[in-house]
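Please read the structure below before turning to the comments.
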Amino acid sequence: MKFNTGSRKFTRTIGTAWQVALVSGGALLAAISAAPTSADSGNKISCDLIGPQAPRDITNGAGTNPVSFAVAPPAADMHLCDIHFHKYAEHRASGYSKIAGEGDHKGYVCEGATPAAAHVEGHGEGQGCEGIAPGDTIEVHWVFTTCDVKPGPTLDSCFSDTCKNPQLRVEARVFNLTDDGSGADFASFRASSSGTVTLPEANNPVQYLGSTTGSSFNDGSCSPFQVTWDVSSACSPLEIASIDNWCGKDKNPFEEDHAHGVRRLVTDEALLSPIN
């Protein structure tokens, strides 16, 4: 993907390298290259050289980032490569607009929900999902790729040796965790070994162009990966026992056993795409 802004010409290859060339009068004055080896490797790049970011307030469609890329196909036409979840919602929406958490671990909670526990660092070797309790809000990400891959651990599974530049889509749903039998069963939404999955229904979903998220990124060091997001605007109840039964490195192909941290909400319009 290429775009021009003034005299700067940017060329991006996902999964292999970012190259930035400053051109004046046809003469190459400088070239800078950074190489993000994978979507989950923590490689970051200065935010003034990058495309639209995530997460965001999906009730606000304002955005002026000049980078545009093709919307990924529907999830049904792609390959599931990863499932993971974050304690607190990374996005902000009408159904989860109240911020909670401590220090750098602040995210959003479902309307009427009261988080039952503070953010838990690390995840240890316990059974089930570490770092969550009844009453908590989580945001679950089902990640899809156009690479022909099987589900696997981390976002690295979305790429392959022969597929370095896929389109990526994340289907995001936000849940309040219950233990009273009123919530959905996570077993209904987890993947088979072949990658077949039934997604939870989205309530008034919002689609936008952004990036990968996670607590390793911020407004100074951004994610270089292009993602089509589809985010539900409301919370749904989910039985905590059902996701506890899914968690564990020997229980799911993603080796997920804990709640991930959140990236702070991106509010700078220069780092956001417009939502039509």
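A note on labels: chains of the structure tokens are A, B, ... as shown, every chain counts residues from 1, and ligands are counted from 1 in their shown order.
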
Open item on the list: Just want the 7 Å neighbourhood of region 46-57 of chain A, counted on only C-alpha atoms, with same-chain residues fewer than 3 positions away dropped. Output as number ranges by chain.
Closed with: A: 60, 65, 67, 90-93, 209-213, 219-222, 224, 265-267, 271-273

Task: Test item, strand (DSSP E) assignment across region 137-219 of chain A, answer as an NGL selection string - done: :A and (137-145 or 168-178 or 206-210)

Open item on the list: Report as a list in words all protein, DNA and RNA residues lying within 10 Å of Arg169 (chain A), evaluated on only C-alpha atoms, omitting residues in the same chain fewer than 5 positions from it.
Closed with: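 Skipping anything fewer than 5 positions along the chain leaves Val71, Ala72, Pro73, Pro74, Ala75, Met78, His79, Leu80, His141, Trp142, Val143, Phe144, Thr145, Thr146, Leu209, Gly210, Ser211, Thr212, Gln226, Val227, Thr228, Trp229 and Asp230 of chain A.
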
- [ ] Would you please work out which residue, of A:Val206, A:Ala100, A:Cys163, A:Cys81, is nearest to Lys150 (chain A) when using only C-alpha atoms?
- [x]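 Residue with the minimum atom-to-atom distance to Lys150 (chain A): A:Cys81.
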
Open item on the list: Please list as a PyMOL selection string every residue within 8 Å of Ser232 (chain A), counting only C-alpha atoms and excluding residues in the same chain fewer than 3 positions away.
Closed with: chain A and resi 172-174+202-206+235

Atoms kept (N, CA and C atoms) for selection, written as an mmCIF file, in the first residue's frame:
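Output file again-v6.cif follows:
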```cif
data_model
loop_
_atom_site.group_PDB
_atom_site.id
_atom_site.type_symbol
_atom_site.label_atom_id
_atom_site.label_comp_id
_atom_site.auth_asym_id
_atom_site.auth_seq_id
_atom_site.Cartn_x
_atom_site.Cartn_y
_atom_site.Cartn_z
ATOM 1 N N ALA A 172 -15.226 -8.001 17.166
ATOM 2 C CA ALA A 172 -15.103 -7.709 18.597
ATOM 3 C C ALA A 172 -16.484 -7.699 19.248
ATOM 4 N N ARG A 173 -16.599 -8.417 20.367
ATOM 5 C CA ARG A 173 -17.821 -8.454 21.148
ATOM 6 C C ARG A 173 -17.469 -8.185 22.603
ATOM 7 N N VAL A 174 -18.337 -7.478 23.294
ATOM 8 C CA VAL A 174 -18.103 -7.118 24.683
ATOM 9 C C VAL A 174 -19.125 -7.833 25.567
ATOM 10 N N ALA A 202 -23.877 -9.535 16.774
ATOM 11 C CA ALA A 202 -23.433 -8.184 17.091
ATOM 12 C C ALA A 202 -24.641 -7.263 17.181
ATOM 13 N N ASN A 203 -24.646 -6.391 18.183
ATOM 14 C CA ASN A 203 -25.725 -5.430 18.367
ATOM 15 C C ASN A 203 -25.288 -4.086 17.822
ATOM 16 N N ASN A 204 -25.966 -3.616 16.760
ATOM 17 C CA ASN A 204 -25.648 -2.326 16.133
ATOM 18 C C ASN A 204 -24.137 -2.201 15.897
ATOM 19 N N PRO A 205 -23.551 -3.129 15.132
ATOM 20 C CA PRO A 205 -22.092 -3.117 14.953
ATOM 21 C C PRO A 205 -21.605 -1.925 14.147
ATOM 22 N N VAL A 206 -20.372 -1.521 14.431
ATOM 23 C CA VAL A 206 -19.719 -0.430 13.717
ATOM 24 C C VAL A 206 -18.457 -0.971 13.060
ATOM 25 N N CYS A 235 -23.308 -4.619 25.240
ATOM 26 C CA CYS A 235 -22.776 -5.740 26.012
ATOM 27 C C CYS A 235 -23.768 -6.902 26.016
#
```
